[in-house]
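Below is one structure, written out as structure tokens; the observations come after it.
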Amino acid sequence: MPRLMETFTIGGMPITALSDGAPERALGGFFNNVDPALWTAALGIKSPDDLVPFNFGVFLLRTEGHTVLIDSGFGPPARAMGAPGGAELPDRLREAGVGLDEVTDIIHTHLHGDHIGWNVVDGKLTFPNATIRVAQKELDFWLNPASGSGDRFDVARAQTVPAQAAGHLETFAGDGEILPGLTAIPTPGHTPGHTSIMVSVQNEHVLIVGDAAHHPVHFEHHDWIPGVDLDPAESSRSRAKLSALAADRDAVVTGGHFPILTLGHVRRVAGGYKWEGINRP
Ligand SMILES: [Zn+2]
């Protein structure tokens, strides 16, 4: 059984990682342009078809009067996957002692359906007192009819427009502090306004990378391109920027699609970067 909820601390502040579904998946789609022999070796698996632990993750933390979620999971569509914990985010929050009405802020890394799924269910805001925060550039892209149409756009609009109409949505500029201790790091490419979040407490840092990386090996191979990245060249540059930032700040790095408690540092080595996992019980 995969982990569905665990807490780690940074500078003495707890951050709880919550799963909204933890399937096992074949990950070839995240290494679109790579010889399968290379990426399977990097992951330590034999075949591109081997199933690997995956996660639809959310992070919960508290800062100066705010109870914050980073992303809001896959939502009810995750139930159909049949994966452990699928569409159980509200249950996980209850277990963490947080009522849906106690969440004050939801910060989105981007507006793909697996990161915004609990914002609006059956036309109602799941978190009635929360302000949904998203980069202006990201919101503009998904709400602009000229950007495109189809399922992804429908979901992005369905999960933001009702919140906006109710006065529960605020945008932030590309970079800078969103809430005390939480800084936006623009990491476009996966989507135009994709944002990673740096959590800083007592001069310690956690870097939550959203979908700038779907697996830690992406920090070692910036040009290994997930097929879902809208602008591959830009997403490669964003992974390079994140690796440098993580190394410079000695940040603990994690991401919503990494299995829970996959935490690590990105270290500079000759010719590039190396992921150094943190072993936890
Ligand atoms: Zn995603």
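All residue names refer to the structure tokens as shown: chains lettered A, B, ... in order, residues numbered from 1 in each chain, ligands numbered from 1 in order.
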
Neighbours of ligand 1 at 12 Å or closer, counting only C-alpha atoms and all ligand atoms: which residues, as a PyMOL selection string?
chain A and resi 20-21+30+54-58+71-74+108-117+152+190-191+194+209-215+226-229+255-258

Residues within 6 Å of Phe59 in chain A, only C-alpha atoms, excluding chain neighbours under 5 positions, as a list of chain:residue names
A:Thr16, A:Ala17, A:Leu69, A:Ile70

Using backbone DSSP assignments, extract all strand (DSSP E) residues from range 179-214 of chain A; output them as an MDAnalysis selection string.
chainID A and resid 179 182:186 195:201 204:208

Residues flagged alpha helix (DSSP H) by DSSP in range 53-185 of chain A, as a ChimeraX atom specification:
/A:89-95,113-116,136-143,151-158,161-165

Any idea what's packed within 6 Å of Ser235 in chain A, counting only C-alpha atoms, ignoring anything in its chain fewer than 3 positions away? Could you give it as a PyMOL selection string?
chain A and resi 188-190+232+238

Can those selected residues be exported to a file as a PDB file, in the first residue's frame so that it contains N, CA and C atoms?
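File produced: result.pdb:
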```
ATOM      1  N   PRO A 188       7.878  28.097 -16.493  1.00  0.00           N
ATOM      2  CA  PRO A 188       6.987  27.824 -17.616  1.00  0.00           C
ATOM      3  C   PRO A 188       7.508  26.695 -18.504  1.00  0.00           C
ATOM      4  N   GLY A 189       6.643  26.202 -19.366  1.00  0.00           N
ATOM      5  CA  GLY A 189       7.022  25.155 -20.305  1.00  0.00           C
ATOM      6  C   GLY A 189       5.985  24.047 -20.291  1.00  0.00           C
ATOM      7  N   HIS A 190       5.793  23.448 -19.117  1.00  0.00           N
ATOM      8  CA  HIS A 190       4.712  22.452 -18.983  1.00  0.00           C
ATOM      9  C   HIS A 190       3.397  23.111 -19.357  1.00  0.00           C
ATOM     10  N   PRO A 232       8.498  22.434 -24.930  1.00  0.00           N
ATOM     11  CA  PRO A 232       9.606  21.614 -24.419  1.00  0.00           C
ATOM     12  C   PRO A 232      10.893  22.399 -24.176  1.00  0.00           C
ATOM     13  N   SER A 238      13.402  25.652 -17.585  1.00  0.00           N
ATOM     14  CA  SER A 238      12.852  25.740 -16.230  1.00  0.00           C
ATOM     15  C   SER A 238      13.461  24.688 -15.313  1.00  0.00           C
TER      16      SER A 238
END
```

Which is closest to His66 in chain A among A:Glu276, A:Asp91, A:Asp140, A:Glu102, if we use only C-alpha atoms?
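Counting only C-alpha atoms, the residue closest to His66 in chain A is A:Glu102.
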
Residues near range 144-147 of chain A, anyone? I mean within 12 Å using only C-alpha atoms, not counting same-chain ones fewer than 3 positions away, as a ChimeraX atom specification.
/A:136-141,150,152-154,156-157,161,191-192,230

Could you give me, as a ChimeraX atom specification, the residues within 10 Å of Thr7 in chain A, counting only C-alpha atoms and dropping anything in the same chain fewer than 4 positions from it?
/A:13-18,59-61,96,260-261

As a list in words, please: the residues near Thr160 in chain A (cut-off 8 Å, only C-alpha atoms, same-chain neighbours under 4 positions excluded).
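Here the qualifying residues turn out to be Asn119, Val120, Ala156, Gln164 and Leu169 of chain A.
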
Non-local contacts of Lys46 in chain A (9 Å; only C-alpha atoms; under 5 positions in same chain excluded) as number ranges by chain
A: 37, 40-41

Identify which of the residues A:Ala184, A:Glu64, A:Val266, A:Asp250 lies closest to Glu220 in chain A, counting only C-alpha atoms when measuring atom-to-atom distances.
A:Val266

Could you tell me how far CA of Val155 in chain A sits from CA of Pro77 in chain A, in Å to one decimal place?
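CA of Val155 in chain A lies at a distance of 10.9 Å from CA of Pro77 in chain A.
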
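Reported to one decimal place, the separation of CA of Asp223 in chain A from CA of Ala251 in chain A is 21.7 Å.
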
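The coordinates place CA of Ala78 in chain A at 19.2 Å from CA of Ile106 in chain A.
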
Given only C-alpha atoms as the basis, pick out the residue of A:Lys241, A:His221, A:His205, A:Arg3 nearest to Thr254 in chain A.
A:His205
